[in-house]
$ cat target32.cif   # mmCIF, C-alpha atoms
data_final
loop_
_atom_site.label_atom_id
_atom_site.label_comp_id
_atom_site.auth_asym_id
_atom_site.auth_seq_id
_atom_site.Cartn_x
_atom_site.Cartn_y
_atom_site.Cartn_z
CA MET A 1 14.90 -7.17 8.94
CA LEU A 2 11.73 -8.14 7.09
CA ALA A 3 9.75 -5.16 5.73
CA GLN A 4 12.66 -2.75 6.05
CA LYS A 5 10.63 -0.58 3.67
CA PRO A 6 6.94 -0.61 2.69
CA ILE A 7 6.09 -3.79 0.78
CA MET A 8 5.57 -3.47 -2.98
CA GLY A 9 3.85 -6.05 -5.15
CA PHE A 10 0.65 -7.32 -6.73
CA ASN A 11 -2.48 -8.90 -5.20
CA THR A 12 -5.21 -10.80 -7.05
CA TRP A 13 -8.25 -9.61 -5.08
CA ASN A 14 -9.17 -6.21 -6.50
CA THR A 15 -9.45 -7.40 -10.08
CA PHE A 16 -9.96 -11.16 -10.00
CA GLY A 17 -11.63 -12.05 -6.70
CA ALA A 18 -12.48 -15.76 -6.90
CA ASN A 19 -11.49 -15.98 -10.57
CA ILE A 20 -7.94 -17.14 -9.98
CA ASN A 21 -5.94 -20.13 -11.16
CA GLU A 22 -2.44 -21.38 -11.71
CA GLN A 23 -2.13 -20.02 -15.26
CA LEU A 24 -3.20 -16.54 -14.19
CA ILE A 25 -0.51 -16.45 -11.51
CA PHE A 26 2.11 -17.52 -14.05
CA GLU A 27 1.00 -14.80 -16.47
CA ILE A 28 1.07 -12.14 -13.76
CA ALA A 29 4.55 -13.27 -12.70
CA ASP A 30 5.78 -13.10 -16.29
CA THR A 31 4.28 -9.63 -16.73
CA MET A 32 5.78 -8.30 -13.49
CA VAL A 33 9.19 -9.18 -14.86
CA SER A 34 8.83 -8.39 -18.56
CA GLU A 35 7.07 -5.03 -18.09
CA GLY A 36 9.51 -3.62 -15.53
CA TYR A 37 7.46 -3.92 -12.33
CA LEU A 38 10.01 -6.11 -10.58
CA ASP A 39 12.81 -3.73 -11.54
CA ALA A 40 10.75 -0.87 -10.09
CA GLY A 41 10.48 -2.68 -6.73
CA TYR A 42 7.22 -4.64 -7.00
CA ASP A 43 8.60 -7.99 -5.88
CA TYR A 44 5.70 -9.72 -4.05
CA LEU A 45 3.03 -11.66 -5.97
CA ILE A 46 0.16 -12.40 -3.60
CA ILE A 47 -2.76 -14.81 -4.04
CA ASP A 48 -5.75 -13.60 -2.02
CA ASP A 49 -8.90 -15.50 -0.97
CA CYS A 50 -10.59 -18.44 -2.79
CA TRP A 51 -7.53 -20.60 -3.55
CA SER A 52 -8.47 -23.65 -1.47
CA LYS A 53 -11.05 -26.39 -1.27
CA LYS A 54 -14.08 -25.66 0.91
CA ASP A 55 -13.07 -28.14 3.61
CA ARG A 56 -9.86 -29.18 5.30
CA GLU A 57 -8.46 -32.65 4.66
CA ASN A 58 -6.58 -34.41 7.45
CA GLY A 59 -6.57 -31.11 9.31
CA LEU A 60 -4.89 -29.17 6.51
CA ILE A 61 -6.03 -26.54 4.02
CA VAL A 62 -5.85 -28.04 0.51
CA PRO A 63 -5.43 -26.04 -2.71
CA ASP A 64 -8.36 -26.47 -5.10
CA PRO A 65 -7.02 -29.02 -7.64
CA LYS A 66 -9.18 -27.54 -10.40
CA LEU A 67 -7.53 -24.15 -9.96
CA PHE A 68 -4.03 -25.21 -8.89
CA PRO A 69 -3.54 -28.73 -10.28
CA HIS A 70 0.17 -28.84 -9.49
CA GLY A 71 -0.19 -27.56 -5.92
CA MET A 72 1.12 -24.44 -4.24
CA LYS A 73 4.76 -25.50 -3.96
CA TYR A 74 4.84 -25.71 -7.75
CA VAL A 75 3.32 -22.23 -8.05
CA ALA A 76 5.73 -20.80 -5.47
CA ASP A 77 8.69 -22.33 -7.28
CA TYR A 78 7.59 -20.71 -10.55
CA VAL A 79 7.17 -17.31 -8.87
CA HIS A 80 10.57 -17.64 -7.22
CA SER A 81 12.18 -18.64 -10.52
CA LYS A 82 11.22 -15.20 -11.83
CA GLY A 83 13.01 -13.46 -8.98
CA LEU A 84 9.73 -12.65 -7.22
CA LYS A 85 8.45 -13.45 -3.73
CA PHE A 86 5.28 -15.44 -3.15
CA GLY A 87 2.39 -14.37 -0.96
CA MET A 88 -0.80 -16.13 0.18
CA TYR A 89 -3.93 -15.50 2.21
CA THR A 90 -5.78 -16.96 5.17
CA CYS A 91 -7.99 -15.64 7.95
CA ALA A 92 -7.96 -15.26 11.73
CA GLY A 93 -11.53 -16.58 11.82
CA PHE A 94 -12.79 -20.10 11.30
CA LYS A 95 -13.65 -19.18 7.70
CA THR A 96 -12.20 -16.73 5.22
CA CYS A 97 -14.28 -13.82 3.97
CA ALA A 98 -15.39 -15.91 0.97
CA GLY A 99 -16.26 -18.91 3.14
CA TYR A 100 -13.15 -21.09 2.77
CA PRO A 101 -11.32 -22.65 5.74
CA GLY A 102 -9.73 -20.08 8.05
CA SER A 103 -6.84 -20.61 10.44
CA TYR A 104 -8.57 -20.12 13.80
CA GLY A 105 -7.31 -22.99 15.98
CA HIS A 106 -4.99 -24.22 13.21
CA GLU A 107 -2.34 -21.48 13.28
CA TYR A 108 0.74 -23.63 13.79
CA GLU A 109 -0.04 -26.36 11.27
CA ASP A 110 -1.05 -23.72 8.68
CA ALA A 111 2.10 -21.67 9.24
CA LYS A 112 4.21 -24.81 8.88
CA GLN A 113 2.43 -25.70 5.65
CA PHE A 114 2.88 -22.21 4.21
CA ALA A 115 6.59 -22.41 5.01
CA GLU A 116 6.88 -25.82 3.31
CA TRP A 117 5.23 -24.39 0.19
CA GLY A 118 7.74 -21.51 0.08
CA VAL A 119 5.43 -18.65 1.10
CA ASP A 120 7.17 -15.32 1.75
CA TYR A 121 4.15 -13.19 2.75
CA LEU A 122 0.91 -14.00 4.53
CA LYS A 123 -2.18 -11.77 4.47
CA TYR A 124 -4.20 -12.57 7.60
CA ASP A 125 -7.80 -11.39 7.33
CA PHE A 126 -10.51 -11.02 10.01
CA CYS A 127 -13.80 -12.54 8.80
CA PHE A 128 -15.84 -15.10 10.79
CA PHE A 129 -13.85 -14.28 13.93
CA PRO A 130 -15.58 -15.56 17.08
CA GLU A 131 -17.35 -12.73 18.84
CA ASN A 132 -15.86 -13.49 22.26
CA ALA A 133 -12.35 -14.38 21.11
CA ASP A 134 -9.33 -12.15 21.81
CA THR A 135 -8.27 -10.22 18.69
CA LYS A 136 -4.80 -9.29 19.89
CA ASN A 137 -4.05 -12.82 21.05
CA ALA A 138 -5.24 -14.27 17.73
CA TYR A 139 -2.81 -12.10 15.75
CA LEU A 140 -0.04 -12.77 18.26
CA THR A 141 -0.65 -16.51 17.90
CA MET A 142 -0.22 -16.45 14.11
CA SER A 143 2.77 -14.14 14.45
CA MET A 144 4.48 -16.67 16.71
CA ALA A 145 3.42 -19.57 14.48
CA LEU A 146 5.10 -17.91 11.50
CA ARG A 147 8.25 -17.28 13.53
CA CYS A 148 8.32 -20.95 14.48
CA SER A 149 7.70 -22.14 10.91
CA GLY A 150 11.36 -22.26 9.88
CA ARG A 151 10.95 -19.63 7.14
CA ASP A 152 11.00 -15.82 7.07
CA ILE A 153 7.44 -14.81 6.21
CA VAL A 154 6.13 -11.25 6.15
CA PHE A 155 3.07 -11.08 8.41
CA ALA A 156 0.46 -8.79 6.84
CA ALA A 157 -2.21 -8.41 9.53
CA CYS A 158 -5.60 -7.35 8.17
CA ASN A 159 -8.03 -6.67 10.99
CA TRP A 160 -9.57 -3.57 9.32
CA GLY A 161 -8.47 -1.13 12.02
CA LYS A 162 -10.32 -2.90 14.83
CA GLU A 163 -9.10 -2.17 18.38
CA ASN A 164 -6.66 0.53 17.22
CA PRO A 165 -4.00 -1.77 15.69
CA SER A 166 -1.42 1.01 15.28
CA GLN A 167 -0.91 0.81 19.04
CA TRP A 168 -0.06 -2.91 19.24
CA MET A 169 0.57 -4.58 15.86
CA ARG A 170 4.28 -3.73 15.85
CA SER A 171 4.75 -5.15 19.33
CA ILE A 172 3.19 -8.52 18.45
CA GLY A 173 5.38 -8.92 15.37
CA ALA A 174 3.20 -7.82 12.45
CA HIS A 175 5.09 -6.28 9.52
CA THR A 176 2.06 -4.48 8.10
CA TYR A 177 -1.40 -3.87 9.50
CA ARG A 178 -4.60 -2.83 7.77
CA SER A 179 -5.97 0.35 9.29
CA THR A 180 -9.35 0.57 7.52
CA GLY A 181 -12.02 -1.40 5.74
CA ASP A 182 -11.72 -2.40 2.08
CA ILE A 183 -10.99 0.02 -0.72
CA PHE A 184 -13.34 0.33 -3.73
CA ASP A 185 -12.80 1.83 -7.15
CA VAL A 186 -14.43 5.21 -6.56
CA PRO A 187 -12.83 8.52 -5.48
CA LYS A 188 -14.68 8.74 -2.15
CA SER A 189 -13.23 5.38 -1.06
CA TYR A 190 -9.55 6.22 -1.38
CA ILE A 191 -10.06 9.81 -0.14
CA ASP A 192 -11.93 8.62 2.97
CA ILE A 193 -9.14 6.13 3.72
CA PHE A 194 -6.48 8.81 3.25
CA THR A 195 -8.15 11.41 5.44
CA SER A 196 -8.92 8.87 8.17
CA GLN A 197 -5.23 8.05 8.46
CA LEU A 198 -3.71 11.55 8.44
CA ASN A 199 -3.30 11.43 12.23
CA ASN A 200 -2.13 7.82 12.24
CA VAL A 201 1.25 7.99 10.51
CA GLU A 202 3.66 8.37 13.41
CA ASN A 203 3.93 4.61 13.99
CA ASN A 204 5.17 3.90 10.45
CA ALA A 205 8.80 2.88 10.58
CA PRO A 206 11.08 0.10 9.29
CA GLY A 207 9.68 -3.27 10.28
CA CYS A 208 5.98 -2.35 10.50
CA PHE A 209 3.85 -0.18 8.22
CA ASN A 210 0.26 1.05 8.11
CA ASP A 211 -1.39 -0.70 5.15
CA MET A 212 -4.13 1.49 3.64
CA ASP A 213 -5.22 -1.37 1.33
CA MET A 214 -4.38 -2.22 -2.24
CA LEU A 215 -4.10 0.25 -5.10
CA ILE A 216 -7.02 0.76 -7.48
CA CYS A 217 -5.01 2.68 -10.11
CA GLY A 218 -6.12 1.75 -13.62
CA MET A 219 -9.10 -0.41 -12.69
CA ASN A 220 -11.50 1.96 -14.47
CA GLY A 221 -14.60 0.50 -12.85
CA LYS A 222 -13.79 -3.10 -13.77
CA GLY A 223 -12.94 -6.10 -11.63
CA ASN A 224 -13.93 -7.40 -8.23
CA VAL A 225 -14.01 -4.02 -6.40
CA GLY A 226 -14.74 -1.91 -9.45
CA LEU A 227 -17.65 0.48 -9.01
CA GLY A 228 -17.78 3.80 -10.86
CA GLY A 229 -14.05 4.03 -11.44
CA CYS A 230 -11.85 7.12 -11.21
CA SER A 231 -10.23 9.49 -13.67
CA HIS A 232 -6.51 9.23 -14.35
CA THR A 233 -6.05 12.47 -12.38
CA GLN A 234 -7.73 10.84 -9.38
CA TYR A 235 -5.69 7.64 -9.74
CA THR A 236 -2.59 9.84 -9.74
CA GLN A 237 -3.75 11.51 -6.54
CA HIS A 238 -4.48 8.11 -4.98
CA PHE A 239 -1.03 6.71 -5.83
CA ALA A 240 0.74 9.86 -4.60
CA MET A 241 -1.21 9.73 -1.31
CA TRP A 242 -0.20 6.10 -0.70
CA ALA A 243 3.42 6.89 -1.58
CA PHE A 244 3.53 9.80 0.87
CA MET A 245 1.82 7.95 3.69
CA GLY A 246 4.34 5.11 3.61
CA SER A 247 1.66 2.54 2.83
CA PRO A 248 2.59 -0.68 1.07
CA LEU A 249 2.17 -0.26 -2.68
CA ILE A 250 0.25 -3.36 -3.77
CA ILE A 251 -1.09 -3.18 -7.33
CA GLY A 252 -4.69 -4.34 -7.71
CA SER A 253 -5.35 -3.76 -11.43
CA ASP A 254 -4.71 -6.27 -14.21
CA ILE A 255 -1.17 -5.35 -15.21
CA ARG A 256 -1.45 -7.54 -18.30
CA ASN A 257 -3.93 -5.07 -19.83
CA ILE A 258 -3.50 -1.62 -18.26
CA ASP A 259 -3.18 1.56 -20.30
CA ASP A 260 0.11 3.35 -20.84
CA ASP A 261 -0.74 6.24 -18.51
CA THR A 262 -1.43 3.88 -15.60
CA LYS A 263 1.74 1.91 -16.26
CA LYS A 264 3.76 5.14 -16.31
CA LEU A 265 2.18 6.16 -13.01
CA LEU A 266 2.83 2.84 -11.28
CA LEU A 267 6.45 2.93 -12.47
CA ASN A 268 7.08 6.58 -11.53
CA LYS A 269 10.56 6.35 -10.05
CA GLN A 270 10.37 9.50 -7.94
CA LEU A 271 6.99 8.72 -6.38
CA ILE A 272 8.25 5.23 -5.58
CA ALA A 273 11.44 6.73 -4.14
CA ILE A 274 9.38 8.87 -1.75
CA ASN A 275 7.64 5.72 -0.51
CA GLN A 276 10.86 3.70 -0.39
CA ASP A 277 13.18 6.31 1.13
CA GLU A 278 15.96 4.70 3.17
CA GLU A 279 14.91 6.24 6.50
CA CYS A 280 11.17 5.69 5.94
CA ARG A 281 10.26 8.80 7.89
CA PRO A 282 6.50 9.34 8.14
CA PRO A 283 5.12 12.58 6.68
CA PHE A 284 3.78 15.47 8.71
CA ILE A 285 0.87 17.77 7.94
CA ALA A 286 2.33 21.10 6.85
CA THR A 287 -0.98 22.73 5.91
CA ASN A 288 -4.57 21.67 6.45
CA TYR A 289 -7.28 24.11 5.43
CA SER A 290 -10.52 23.87 3.50
CA THR A 291 -10.13 20.89 1.14
CA LEU A 292 -6.34 21.20 0.80
CA ARG A 293 -3.98 18.82 2.60
CA VAL A 294 -0.26 19.50 2.29
CA LEU A 295 2.04 16.73 3.50
CA ALA A 296 5.77 17.13 3.92
CA LYS A 297 8.26 14.33 4.19
CA ILE A 298 11.97 14.64 4.87
CA VAL A 299 13.80 12.40 2.40
CA ASP A 300 17.24 11.71 1.01
CA LYS A 301 19.31 13.80 3.43
CA ASN A 302 18.83 17.35 2.15
CA LYS A 303 15.47 17.06 0.39
CA ILE A 304 11.86 17.64 1.39
CA ALA A 305 9.02 16.02 -0.55
CA LEU A 306 5.74 17.94 -0.61
CA GLY A 307 2.36 16.54 -1.55
CA PHE A 308 -0.49 18.96 -2.29
CA PHE A 309 -3.84 17.13 -2.26
CA ASN A 310 -7.25 18.63 -2.90
CA VAL A 311 -9.54 16.05 -1.29
CA ASP A 312 -12.79 17.37 -2.78
CA THR A 313 -14.25 14.76 -5.14
CA ASP A 314 -15.71 17.53 -7.34
CA ALA A 315 -13.14 18.52 -9.98
CA GLU A 316 -14.76 21.96 -10.23
CA LYS A 317 -13.94 22.77 -6.59
CA ASP A 318 -10.41 24.11 -6.73
CA ALA A 319 -8.14 25.23 -3.88
CA VAL A 320 -5.12 27.49 -3.56
CA ALA A 321 -1.97 25.35 -3.32
CA PHE A 322 0.42 27.14 -0.99
CA VAL A 323 2.67 26.27 1.91
CA SER A 324 4.90 28.66 3.85
CA LEU A 325 8.56 27.90 4.44
CA ASP A 326 7.99 28.31 8.18
CA ASP A 327 5.50 25.43 8.14
CA LEU A 328 8.30 23.28 6.73
CA GLY A 329 10.63 24.21 9.60
CA LEU A 330 12.54 26.69 7.43
CA HIS A 331 12.57 30.09 9.10
CA SER A 332 12.00 32.91 6.66
CA GLU A 333 15.21 34.64 7.78
CA SER A 334 17.36 31.51 7.60
CA GLY A 335 18.61 32.27 4.11
CA VAL A 336 17.67 28.79 2.93
CA SER A 337 16.96 28.38 -0.77
CA LEU A 338 14.98 25.49 -2.21
CA LYS A 339 15.36 24.07 -5.70
CA LEU A 340 11.95 22.76 -6.77
CA TYR A 341 11.10 19.85 -9.05
CA ASP A 342 7.59 18.80 -10.12
CA VAL A 343 7.57 15.00 -9.77
CA ILE A 344 4.28 14.22 -11.54
CA ASN A 345 4.85 16.57 -14.48
CA ASP A 346 8.57 15.76 -14.57
CA CYS A 347 9.89 19.30 -14.83
CA PRO A 348 11.92 21.84 -12.79
CA LEU A 349 10.07 24.78 -11.16
CA GLY A 350 12.97 27.04 -10.23
CA ASN A 351 14.05 28.18 -6.78
CA VAL A 352 12.28 29.62 -3.73
CA GLU A 353 13.98 31.41 -0.83
CA GLY A 354 12.97 33.20 2.34
CA LYS A 355 13.06 36.98 2.15
CA ASP A 356 11.02 39.03 4.59
CA TYR A 357 9.61 37.45 7.75
CA SER A 358 7.19 40.35 8.13
CA LYS A 359 5.43 39.11 4.98
CA PRO A 360 5.13 35.35 5.49
CA VAL A 361 2.69 34.88 2.60
CA SER A 362 5.47 35.84 0.20
CA ASP A 363 7.82 33.30 1.73
CA GLY A 364 6.52 30.00 0.54
CA ILE A 365 5.73 27.71 -2.34
CA HIS A 366 2.87 28.78 -4.58
CA LEU A 367 1.45 26.35 -7.14
CA GLY A 368 -1.64 28.30 -8.12
CA ARG A 369 -4.97 26.48 -7.83
CA ILE A 370 -5.48 22.73 -8.00
CA LYS A 371 -8.77 21.04 -8.77
CA GLY A 372 -10.68 18.56 -6.64
CA GLY A 373 -9.13 15.10 -7.01
CA GLU A 374 -5.80 16.54 -8.12
CA ALA A 375 -2.35 16.17 -6.60
CA ARG A 376 0.90 18.04 -7.06
CA VAL A 377 4.10 16.49 -5.77
CA ILE A 378 7.16 18.70 -5.40
CA LEU A 379 10.68 17.61 -4.48
CA CYS A 380 12.53 20.42 -2.72
CA GLU A 381 16.31 20.29 -2.51
CA ILE A 382 18.04 22.55 0.02
CA VAL A 383 20.78 24.21 -2.04
CA ASN A 384 22.16 26.62 0.59
CA GLY A 385 21.61 27.71 4.15
#

$ encode --input "target32.cif" --output "structure tokens"
Amino acid sequence: MLAQKPIMGFNTWNTFGANINEQLIFEIADTMVSEGYLDAGYDYLIIDDCWSKKDRENGLIVPDPKLFPHGMKYVADYVHSKGLKFGMYTCAGFKTCAGYPGSYGHEYEDAKQFAEWGVDYLKYDFCFFPENADTKNAYLTMSMALRCSGRDIVFAACNWGKENPSQWMRSIGAHTYRSTGDIFDVPKSYIDIFTSQLNNVENNAPGCFNDMDMLICGMNGKGNVGLGGCSHTQYTQHFAMWAFMGSPLIIGSDIRNIDDDTKKLLLNKQLIAINQDEECRPPFIATNYSTLRVLAKIVDKNKIALGFFNVDTDAEKDAVAFVSLDDLGLHSESGVSLKLYDVINDCPLGNVEGKDYSKPVSDGIHLGRIKGGEARVILCEIVNG
């Protein structure tokens, strides 16, 4: 099955926008391998918009020879030689978002061409879509075109959440679907996306995942979507949110030049493991009060992952981080004991166990107060009960 787990990889758009070329893709591919990203699971390298000439030739989209002088098959072969998978971009409209040829009315010849080039992943955007055309049918058409192309290609549908895609994208064969508009490098952007999707996680499962857009970790206000930037604490919260929600983890920063803290975050084995858990269970909301959101996710047989997120963008606005055992489905009189481990700070926190059901506040996990923009991620192992 394609997309058995959320896709992991790198996409050019957030940092580079139109400033892409063959040499850049080679350098990114080399870095993904040499710096441990491939080993961590980031195996898709995706070229976004602006790779083609402005007009079709003989009915086909043609790579810009100034940017990709050897053609896309050559680029795909290089990416594959590194053990990576190769992704590309087109649009359901008659033009892409940057004004290059889209695939509306050309779905089957484009899908065939992508397959011949060796494409493994196709991002399918939604700009310049005819006002009276049928959205669902357009995405179904490209889905079928890819299936008829002769190559297994992940179909990453990107219609920005229009017409409630969580209700139909899986059925038409999409492997991921964008649920919101674009992300930008400011705290409000990723927090708004996260909160808008808290009630839209139940449809995440092997084969089709809710894509909350690319990661902005480590952009620091630079690049194509860079605005004010975020603190490292906020980038940590952002990455932990995406990991918990089962979103694809697609790096958007320039991995050739990121700082050590960002690299450590992107390669955090336990956060990645939460995202890539074998059963890919969606999280549930264990606690939701004031600015605190506590998500719980059953993982790895006898473990529960907990994410405590203070969604206030003001670091001075703290919140009490607490969740009761009962809200995790663990009755206070069950005798269950949990062994706690702090994933972000990489340290054990001891054990918690239910004691007296008449005092439920005492029967839970207390982490003190966490500031706005902060996250705490706790892995809870059931050790008895």

$ atom_distance --input "target32.cif" --atom1 "CA of Leu306 (chain A)" --atom2 "CA of Val377 (chain A)"
5.6 Å

$ resolve_selection --input "target32.cif" --expression "the PyMOL selection byres ((chain A and resi 44) around 8)" --output "number ranges by chain"
A: 7-10, 42-43, 45-46, 84-87, 121

$ residues_around --input "target32.cif" --residues "Ser171 (chain A)" --least-positions-apart "2" --cutoff "12 Å" --atoms "all atoms listed in the file" --output "count of residues only"
19

$ resolve_selection --input "target32.cif" --expression "the PyMOL selection byres ((chain A and resi 123) around 9)" --output "number ranges by chain"
A: 46, 48, 87-91, 121-122, 124-125, 154-158

$ closest_residue --input "target32.cif" --among "A:Tyr104, A:Phe184, A:Phe16, A:Tyr341" --to "Ile47 (chain A)" --atoms "all atoms listed in the file"
A:Phe16

$ residues_near_point --input "target32.cif" --point "(-10.1, 5.7, 6.2)" --cutoff "6 Å" --atoms "only C-alpha atoms" --output "PyMOL selection string"
chain A and resi 180+192-194+196-197

$ resolve_selection --input "target32.cif" --expression "the PyMOL selection byres ((chain A and resi 263) around 12)" --output "ChimeraX atom specification"
/A:31-32,35-37,40,217-219,232,235-236,239,251,253-262,264-269

$ closest_residue --input "target32.cif" --among "A:Gly373, A:Asp363, A:Lys53, A:Ile304" --to "Val186 (chain A)" --atoms "only C-alpha atoms"
A:Gly373

$ residues_near_point --input "target32.cif" --point "(-3.0, 16.7, -5.1)" --cutoff "7 Å" --atoms "all atoms listed in the file" --output "mmCIF file with C-alpha atoms, keeping the file's coordinate frame"
data_model
loop_
_atom_site.group_PDB
_atom_site.id
_atom_site.type_symbol
_atom_site.label_atom_id
_atom_site.label_comp_id
_atom_site.auth_asym_id
_atom_site.auth_seq_id
_atom_site.Cartn_x
_atom_site.Cartn_y
_atom_site.Cartn_z
ATOM 1 C CA GLN A 237 -3.750 11.510 -6.540
ATOM 2 C CA GLY A 307 2.360 16.540 -1.550
ATOM 3 C CA PHE A 308 -0.490 18.960 -2.290
ATOM 4 C CA PHE A 309 -3.840 17.130 -2.260
ATOM 5 C CA ASN A 310 -7.250 18.630 -2.900
ATOM 6 C CA GLY A 373 -9.130 15.100 -7.010
ATOM 7 C CA GLU A 374 -5.800 16.540 -8.120
ATOM 8 C CA ALA A 375 -2.350 16.170 -6.600
ATOM 9 C CA ARG A 376 0.900 18.040 -7.060
#

$ residues_around --input "target32.cif" --residues "Gly368 (chain A)" --least-positions-apart "3" --cutoff "9 Å" --atoms "only C-alpha atoms" --output "list in words"
Ala319, Val320, Ala321 and Phe322 of chain A

$ atom_distance --input "target32.cif" --atom1 "CA of Leu338 (chain A)" --atom2 "CA of Pro283 (chain A)"
18.5 Å

$ build_atoms --input "target32.cif" --residues "region 184-196 of chain A" --atoms "N, CA, C and O atoms" --output "mmCIF file, in the coordinates of the input"
data_model
loop_
_atom_site.group_PDB
_atom_site.id
_atom_site.type_symbol
_atom_site.label_atom_id
_atom_site.label_comp_id
_atom_site.auth_asym_id
_atom_site.auth_seq_id
_atom_site.Cartn_x
_atom_site.Cartn_y
_atom_site.Cartn_z
ATOM 1 N N PHE A 184 -12.543 0.574 -2.523
ATOM 2 C CA PHE A 184 -13.340 0.330 -3.730
ATOM 3 C C PHE A 184 -12.953 1.347 -4.786
ATOM 4 O O PHE A 184 -12.388 2.409 -4.481
ATOM 5 N N ASP A 185 -13.274 1.022 -6.021
ATOM 6 C CA ASP A 185 -12.800 1.830 -7.150
ATOM 7 C C ASP A 185 -13.709 3.028 -7.404
ATOM 8 O O ASP A 185 -14.355 3.139 -8.449
ATOM 9 N N VAL A 186 -13.746 3.924 -6.439
ATOM 10 C CA VAL A 186 -14.430 5.210 -6.560
ATOM 11 C C VAL A 186 -13.613 6.238 -5.766
ATOM 12 O O VAL A 186 -12.958 5.883 -4.790
ATOM 13 N N PRO A 187 -13.645 7.515 -6.166
ATOM 14 C CA PRO A 187 -12.830 8.520 -5.480
ATOM 15 C C PRO A 187 -13.091 8.621 -3.984
ATOM 16 O O PRO A 187 -12.154 8.747 -3.189
ATOM 17 N N LYS A 188 -14.364 8.575 -3.575
ATOM 18 C CA LYS A 188 -14.680 8.740 -2.150
ATOM 19 C C LYS A 188 -13.996 7.676 -1.307
ATOM 20 O O LYS A 188 -13.587 7.949 -0.167
ATOM 21 N N SER A 189 -13.826 6.473 -1.831
ATOM 22 C CA SER A 189 -13.230 5.380 -1.060
ATOM 23 C C SER A 189 -11.786 5.681 -0.694
ATOM 24 O O SER A 189 -11.403 5.648 0.478
ATOM 25 N N TYR A 190 -10.965 6.004 -1.706
ATOM 26 C CA TYR A 190 -9.550 6.220 -1.380
ATOM 27 C C TYR A 190 -9.352 7.526 -0.608
ATOM 28 O O TYR A 190 -8.458 7.620 0.255
ATOM 29 N N ILE A 191 -10.185 8.545 -0.872
ATOM 30 C CA ILE A 191 -10.060 9.810 -0.140
ATOM 31 C C ILE A 191 -10.451 9.628 1.312
ATOM 32 O O ILE A 191 -9.790 10.148 2.227
ATOM 33 N N ASP A 192 -11.523 8.878 1.581
ATOM 34 C CA ASP A 192 -11.930 8.620 2.970
ATOM 35 C C ASP A 192 -10.837 7.861 3.721
ATOM 36 O O ASP A 192 -10.560 8.145 4.900
ATOM 37 N N ILE A 193 -10.224 6.874 3.072
ATOM 38 C CA ILE A 193 -9.140 6.130 3.720
ATOM 39 C C ILE A 193 -7.973 7.060 4.035
ATOM 40 O O ILE A 193 -7.428 7.061 5.142
ATOM 41 N N PHE A 194 -7.594 7.876 3.069
ATOM 42 C CA PHE A 194 -6.480 8.810 3.250
ATOM 43 C C PHE A 194 -6.729 9.768 4.403
ATOM 44 O O PHE A 194 -5.894 9.910 5.309
ATOM 45 N N THR A 195 -7.883 10.421 4.399
ATOM 46 C CA THR A 195 -8.150 11.410 5.440
ATOM 47 C C THR A 195 -8.286 10.773 6.818
ATOM 48 O O THR A 195 -7.910 11.377 7.826
ATOM 49 N N SER A 196 -8.784 9.540 6.871
ATOM 50 C CA SER A 196 -8.920 8.870 8.170
ATOM 51 C C SER A 196 -7.585 8.515 8.786
ATOM 52 O O SER A 196 -7.498 8.299 9.995
#
